[in-house]
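**Student:** Pasting in a structure now, in structure tokens, and then I'll have a few things to ask.
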Amino acid sequence: MDTVLTNTNTLFFKINPSLKFILISSLFIVYLFVQNLNTMIWASLFFLILYYFVSGLSGKWSFWFVLITLIVSLFSASAMILFGKGSHIIYHQSLILITQESLARGVLLGLRTFTFSLIGMIFATTTLPVPFFYSLMQQLKVPVRYAYGCLAAFRMIPIMAEEFMHIRQAMRVRGMTRQKGVKAFCERMTRYTITMLAQSIRRAQRTAIAMEAKRFSMTEKRTYFYEIGWSRNDVYFVIILLLTVALGFVFSSYFPLTPYTNVLDQ
Amino acid sequence: MSKGKNTNLRLNLSDILVTIVIALVFGLVFRLLGPVYDLVKPFGLHLDALLYGIWFIAAPFAALLIRKPGVAFLAETAAALAEMLFAGSGGVINLYYGLLQGAFSEAVFAAWRYKKFSLGIASLSAFAALIASIILDAGYAYLPLLAGWNLILYLVFRVIGSVLFSGLFPYALVKGLEKTGVTQSLRPVTKEDYNVLK
Amino acid sequence: MSLNDRESWGVTNLRLAFPKKKSMLFKDLSLDYQKGEKILLLGPSGCGKSTLLQVLSGLVPDSVELPMRADRHAVPDNWGFIFQDPDTQFCMPYVDEEIAFVLENRSISRNRMSQLIHHYLDMVDLKLENSHQLIRTLSGGMKQRLAIASVLALEPDVLFLDEPTALLDPRGTVQLWQTVRRIGNDRTLIIVEHKIDHVLDFIDRVVLFNHKGEIFADGPKVTTLARYREKLDDFGIWHPGVWKGYEEKQLDKSDDTFGELILELNHFEVLHQKRVKLFIEELMIHRGEWIAIIGENGAGKSTMIEGIMGLLHTKGKLSWTFPHPEDHVQFVFQNPEYQFVTDSVEDELAFSLRIKKMNEDEIARRVDQSLERYALKEQRLQHPFQLSIGQKRRLSVASAMINHPDVLILDEPTFGQDARNTFALLDLFQQLRQEGTTIIMVTHEMEIVSRFATRTLTIDQGRLVKDTLNESSKEEKRFGYGFDEHEHVIF
């Protein structure tokens with residue numbers, strides 16, 4: 001994962017991770033109550049611009065990610081577009097009924113998912129696990145056992161990925177892949193999962209014991225190797241985020257691109 | 001934190017770590033399944049709803065395995081957090097779904113006072129997570145505005161999917177894992193175990 | 001007496017059982033030790049030494065709840081514990097963060113941390129350009145030394161070491177014990193170990209356990225080991241004279257004639273993420289050869305055999321003389337658990353035969369035969385994951401051999417095995433080879449290379465740099481030299 005990220009020395013990496021986490025997750029609440037298609041269109045556009053400037057992904061990755069995310073997001077709204085309720089019919093054949101209302105709702109849903117994916121991606125690509133969990137402990141008072149538990153678990157991801165490759169190879173060698181059909185497929189998935197889980201559980205238990213052997217649980221009051229604090233960057237971040245959200249709302253009232261200001265009407 | 005004899009149902013570091021790691025394994029599976037899941041979406045026929053059940057698996061699985069209060073909630077939350085950090089599609093949405101689904105799942109095990117860990121309870125817990133997801137979807141995805149037949153199709157598929165993938169499947173997985181012997185040290189130690197020392 | 005003034009710790013009349021087990025692992029076991037002692041615990045695998053170490057440190061029952069009770073259970077105030085598996089001792093991604101984790105636990109103030117981190121890294125002689133390095137990029141031996149460094153950050157008086165070199169190659173093993181020896185001077189050491197070559201010179205007391213988890217001997221190193229020398233072979237301990245003892249019992253291996261060509265590689269490349277990881281210009285392999293592939297960690301040995309098996313992308317010529325290579329070539333992974341696909345030993349053996357739709361009578365006959373040959377008869381119905389390390393390895397080889405393949409490729413088959421299991425495996429490979437099976441194996445164990453292999457391939461930085469027929473070396477060996485020469489070819 002660490003090879004995909006380009007430069008960690010940008011503004012968004014230097015923001016207090018707890019602040020970033022809380023603000024970014026609270027955007028969910030904001031856009032959950034947006035029923036104006038114009039606002040959603042402008043918001044997704046502005047977040048796309050923000051994503052372009054701050055994402056930690058290298059160029060090739062981010063282009064493909066955006067494209068695929070957009071397509072998938074619109075797919076996820078396909079039921080609403082094809083089978084939603086509405087009275088102004090655009091297209092009708094047997095069960096398929098596309099109406100203006102359902103189309104507007106579908107597009108809004110798709111764009112909303114798209115925006116959340118972008119926001120999530122901004123967070124995921126500019127946040128390193130270690131500072132994130134340190135900040136959760138220091139600013140949000142998350143119990144240390146959970147925070148270090150997460151960190152220890154994160155350390156195992158590359159090991160698990162490598163293990164997954166090995167198991168896949170081993171199953172191939174044993175001829176597991178030669179069997180065809182749904183039953184064989186289920187059998188194979190179960191084997192994969194059980195072997196992965198058995199190894200991971202054992203690894204987790206051993207790691208927990210090793211951590212306790214280093215007197216982890218006995219500490220009442222601990223010091224921190226990294227102290228995550230506040231800086232001017234946090235102010236910039238809040239301003240940038242507020243501006244992005246505000247611009248979406250402002251543009252939608254001054255430059256409404258569609259007539260659908262409330263998709264829930266009718 | 002009292003250190004009495006009856007605190008062995010409290011989560012220790014090993015329980016926490018195992019639960020999070022399980023969540024990660026499923027998170028990884030989710031991430032790998034994600035594209036498959038996205039591919040069946042475009043038909044609008046809710047075939048994805050059938051697969052949707054797999055997202056509830058972490059909670060019942062962890063609860064069946066470790067059998068202590070809190071693990072179901074922790075597992076589902078950690079899985080959702082992992083999905084967000086791996087940048088799965090949907091991003092921050094996952095976190096809210098994870099929190100609510102985990103809480104609903106946990107409630108089922110709590111209702112039986114963490115004494116029953118049968119197939120029925122596992123399925124019920126998956127069903128509870130499903131209710132949580134429908135509550136969120138009603139607001140987020142405008143469920144009530146779908147054509148009637150389509151909505152029913154969606155609900156039926158989700159129920160089948162959730163019981164199948166997050167009730168039956170985790171139960172079978174735990175049974176399979178029990179045979180490997182790794183589950184033994186995860187369960188709380190009982191009085192009978194101490195009796196051997198006499 | 002001055003001896004009694006020294007601090008002493010240990011257990012008296014310890015009773016301990018694993019949950020859901022009918023019998024006790026320890027019944028009224030007592031063991032005491034005093035400050036400054038350096039003790040080696042020896043015994044057969046599964047006798048409970050590792051569990052005892054955890055009891056002595058207090059990890060059982062404080063962190064691991066096991067049913068236990070003892071009349072006395074005295075745990076030292078400051079202790080450190082080194083575990084077997086290099087991959088499961090760390091919770092942080094980077095080297096400096098891992099040591100800092102311990103310092104945080106001790107509430108050491110933040111501004112002293114960097115200096116202390118370097119101090120502890122120096123103590124174990126871990127020289128890194130930058131201490132902010134990913135732990136997973138270190139070799140197994142370096143990881144274990146990092147584990148020691150992070151434990152030293154606890155400033156322990158007593159160190160418990162639970163087979164710290166079981167998963168290390170010979171070089172890592174030597175370096176680890178040099179480190180322990182250096183830092184252990186003024187500390188108490190309690191060591192569980194199966195490879196005792198490098199441990200013997202700095203311990204002073206030996207405790208021997210039997211299969212039932214009882215202590216049957218406990219005393220000064222020299223007298224105890226002299227008295228129970230033959231027990232070491234029974235327990236599968238790697239001791240200095242172990243190969244010599246084995247050689248005396250070894251099968252005759254006069255048959256060194258090779259058959260027809262079975263595999264040809266020409267301008268063969270193995271690719272990983274579009275990069276060439278291994279290149280071999282030309283290589284011919286013949287029936288009946290025992291080929292050892294050697295080289296440093298990360299040189300590309302495993303890549304080579306995985307490429308030959310077609311598990312990775314390859315370019316160039318790779319041609320078996322068999323029409324369907326998958327029926328003639330079998331592969332055994334380093335971790336046998338990855339390749340188990342069923343819930344019982346007998347199903348595991350039958351699996352590949354059932355895929356081929358062989359009739360059940362024939363399957364049953366072959367399974368019985370294998371159970372006998374690989375000494376797994378009593379484990380027939382057990383789950384493969386529940387077997388001992390040695391049994392798992394035998395099962396993985398048995399399930400590969402049940403199809404009577406012509407070629408058996410193995411990735412470090414004796415890795416982590418005790419001496420007894422290793423010798424049993426070598427006997428087996430020797431038999432297989434005499435029956436006409438070609439054996440290709442990656443190994444770090446030079447004794448195996450010089451005693452068994454008919455040909456040695458040396459891989460260095462992704463290239464085949466040396467290809468020697470061992471015919472001549474065997475000649476030399478008979479005259480009593482040639483051994484050392486082999487050693488320094490590699491290191």
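Please note that chains go A, B, ... in the order of the structure tokens, that every chain numbers its residues from 1, and that ligands are numbered from 1 in the order shown.
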Run DSSP on the backbone and give me the residues of stretch 227-403 of chain C it puts in strand (DSSP E or B), as a PyMOL selection string.
**Tutor:** chain C and resi 238+261-272+275-286+290-294+313-320+329-332
**Student:** Check every residue of chain A for an atom within 6 Å of chain C, counting only C-alpha atoms, and provide those that qualify as a ChimeraX atom specification.
**Tutor:** /A:152,155,167,170,203,206-207,210,216,219,222-225
**Student:** In terms of the shortest atom-to-atom distance over only C-alpha atoms, which of A:Ile41, A:Met176, A:Leu48, A:Val72 is closest to A:Phe249?
**Tutor:**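 Nearest to A:Phe249: A:Ile41.
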**Student:** Near chain C, which residues of chain B fall within 9 Å when you count only C-alpha atoms, and what do they look like as a PyMOL selection string?
**Tutor:** chain B and resi 12-14+176+179-182+184-185+188-198
**Student:** Could you take the residues named above and write them with C-alpha atoms, as a PDB file, in the first residue's frame?
**Tutor:**
```
ATOM      1  CA  ASN B  12      -8.656  -8.944  27.088  1.00  0.00           C
ATOM      2  CA  LEU B  13      -6.038  -7.805  24.601  1.00  0.00           C
ATOM      3  CA  SER B  14      -6.012 -11.153  22.855  1.00  0.00           C
ATOM      4  CA  GLY B 176     -14.888 -25.786  10.394  1.00  0.00           C
ATOM      5  CA  LYS B 179     -12.007 -28.813  13.900  1.00  0.00           C
ATOM      6  CA  THR B 180      -8.638 -27.149  13.355  1.00  0.00           C
ATOM      7  CA  GLY B 181      -8.244 -26.650  17.094  1.00  0.00           C
ATOM      8  CA  VAL B 182      -7.450 -22.934  16.998  1.00  0.00           C
ATOM      9  CA  GLN B 184     -10.134 -23.688  21.851  1.00  0.00           C
ATOM     10  CA  SER B 185      -7.963 -20.998  23.377  1.00  0.00           C
ATOM     11  CA  PRO B 188     -13.649 -18.451  28.173  1.00  0.00           C
ATOM     12  CA  VAL B 189     -12.199 -21.053  30.557  1.00  0.00           C
ATOM     13  CA  THR B 190     -14.925 -22.883  32.489  1.00  0.00           C
ATOM     14  CA  LYS B 191     -15.150 -24.378  35.960  1.00  0.00           C
ATOM     15  CA  GLU B 192     -14.984 -27.897  34.553  1.00  0.00           C
ATOM     16  CA  ASP B 193     -11.613 -27.071  33.060  1.00  0.00           C
ATOM     17  CA  TYR B 194     -10.311 -26.288  36.540  1.00  0.00           C
ATOM     18  CA  ASN B 195     -11.730 -29.535  37.904  1.00  0.00           C
ATOM     19  CA  VAL B 196      -9.127 -31.521  35.987  1.00  0.00           C
ATOM     20  CA  LEU B 197      -6.529 -30.189  38.416  1.00  0.00           C
ATOM     21  CA  LYS B 198      -8.061 -32.067  41.332  1.00  0.00           C
TER      22      LYS B 198
END
```
**Student:** Using only C-alpha atoms, which protein or nucleic acid residues come within 8 Å of B:Leu130? Drop anything in the same chain fewer than 2 positions from it, and give the result as a ChimeraX atom specification.
**Tutor:** /B:53,56,101,126-128,132-134,158-159,162
**Student:** Return the single residue from A:Ile240, A:Val142, A:Leu74, A:Leu50 that is closest to chain B, with distances computed using only C-alpha atoms.
**Tutor:**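 Among the listed residues, A:Leu74 lies closest to chain B.
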**Student:** Write out as a list in words each polymer residue whose atoms come within 7 Å of B:Ser105, counting only C-alpha atoms; drop sequence neighbours fewer than 6 positions from it.
**Tutor:**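 So, after excluding close chain neighbours, the residues are Ala59, Pro60, Ala72, Ser125, Ala126, Ala128 and Ala129 of chain B.
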**Student:** Just give me the gap between atom CA of B:Leu119 and atom CA of B:Tyr171 in Å, one decimal is fine.
**Tutor:**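 We find that atom CA of B:Leu119 and atom CA of B:Tyr171 lie 6.2 Å from each other.
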**Student:** List every residue of chain A that has an atom at most 8 Å from any atom of chain B, and for each one report the closest atom pair and its distance in Å to one decimal, counting only C-alpha atoms, with rows sorted by chain and then by increasing residue number, as CSV.
**Tutor:**
```
residue,atom,partner,partner_atom,distance
A:Ile24,CA,B:Val92,CA,7.8
A:Ser25,CA,B:Val92,CA,5.9
A:Phe28,CA,B:Ile93,CA,6.9
A:Leu32,CA,B:Tyr140,CA,6.3
A:Thr69,CA,B:Ser89,CA,6.7
A:Val72,CA,B:Asp38,CA,6.2
A:Phe75,CA,B:Pro42,CA,4.6
A:Ser76,CA,B:Lys41,CA,5.7
A:Ala77,CA,B:Gly44,CA,7.8
A:Ser78,CA,B:Gly44,CA,5.0
A:Ala79,CA,B:Gly44,CA,3.9
A:Met80,CA,B:Leu146,CA,6.2
A:Leu82,CA,B:Gly44,CA,6.8
A:Phe83,CA,B:Ala147,CA,5.6
A:Gly84,CA,B:Leu146,CA,4.3
A:Lys85,CA,B:Ala147,CA,5.5
A:Leu109,CA,B:Ala141,CA,6.6
A:Thr113,CA,B:Gly90,CA,5.7
A:Phe114,CA,B:Gly90,CA,7.1
A:Phe116,CA,B:Gly91,CA,5.6
A:Ser117,CA,B:Gly91,CA,4.4
A:Leu118,CA,B:Gly91,CA,7.2
A:Ile119,CA,B:Gly91,CA,6.8
A:Gly120,CA,B:Gly91,CA,4.0
A:Met121,CA,B:Ala87,CA,5.4
A:Phe123,CA,B:Leu85,CA,7.7
A:Ala124,CA,B:Leu85,CA,4.9
A:Thr125,CA,B:Ala87,CA,7.8
A:Arg145,CA,B:Leu13,CA,6.4
A:Tyr146,CA,B:Ile16,CA,6.9
A:Gly149,CA,B:Leu17,CA,5.1
A:Cys150,CA,B:Ile20,CA,6.6
A:Ala152,CA,B:Leu17,CA,7.6
A:Ala153,CA,B:Val21,CA,5.5
A:Ile157,CA,B:Leu24,CA,7.8
A:Met160,CA,B:Val25,CA,7.9
A:Thr190,CA,B:Leu173,CA,7.1
A:Thr193,CA,B:Leu173,CA,8.0
A:Ile194,CA,B:Leu177,CA,6.2
A:Met196,CA,B:Val25,CA,7.5
A:Leu197,CA,B:Ile22,CA,6.8
A:Ala198,CA,B:Val182,CA,6.3
A:Ser200,CA,B:Val21,CA,6.7
A:Ile201,CA,B:Val18,CA,5.6
A:Arg202,CA,B:Val182,CA,6.9
A:Ala204,CA,B:Val18,CA,5.2
A:Gln205,CA,B:Ser14,CA,5.4
A:Ala208,CA,B:Ser14,CA,5.0
A:Ile209,CA,B:Ser14,CA,7.1
A:Ser217,CA,B:Leu13,CA,8.0
```
**Student:** Counting only C-alpha atoms, which of A:Met165, A:Cys186, A:Leu97, A:Ile228 gets nearest to A:Tyr134?
**Tutor:**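 Smallest separation from A:Tyr134 among the options: A:Ile228.
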**Student:** So that I can check the surroundings of A:Phe13, please list as a count of residues only every protein, DNA and RNA residue that reaches within 9 Å of it, counting only C-alpha atoms and ignoring chain neighbours fewer than 6 positions away.
**Tutor:** 5
**Student:** With only C-alpha atoms as the counted atoms, please give the residues lying no more than 8 Å from stretch 244-250 of chain C, apart from itself and same-chain residues fewer than 2 positions off, as a count of residues only.
**Tutor:** 5
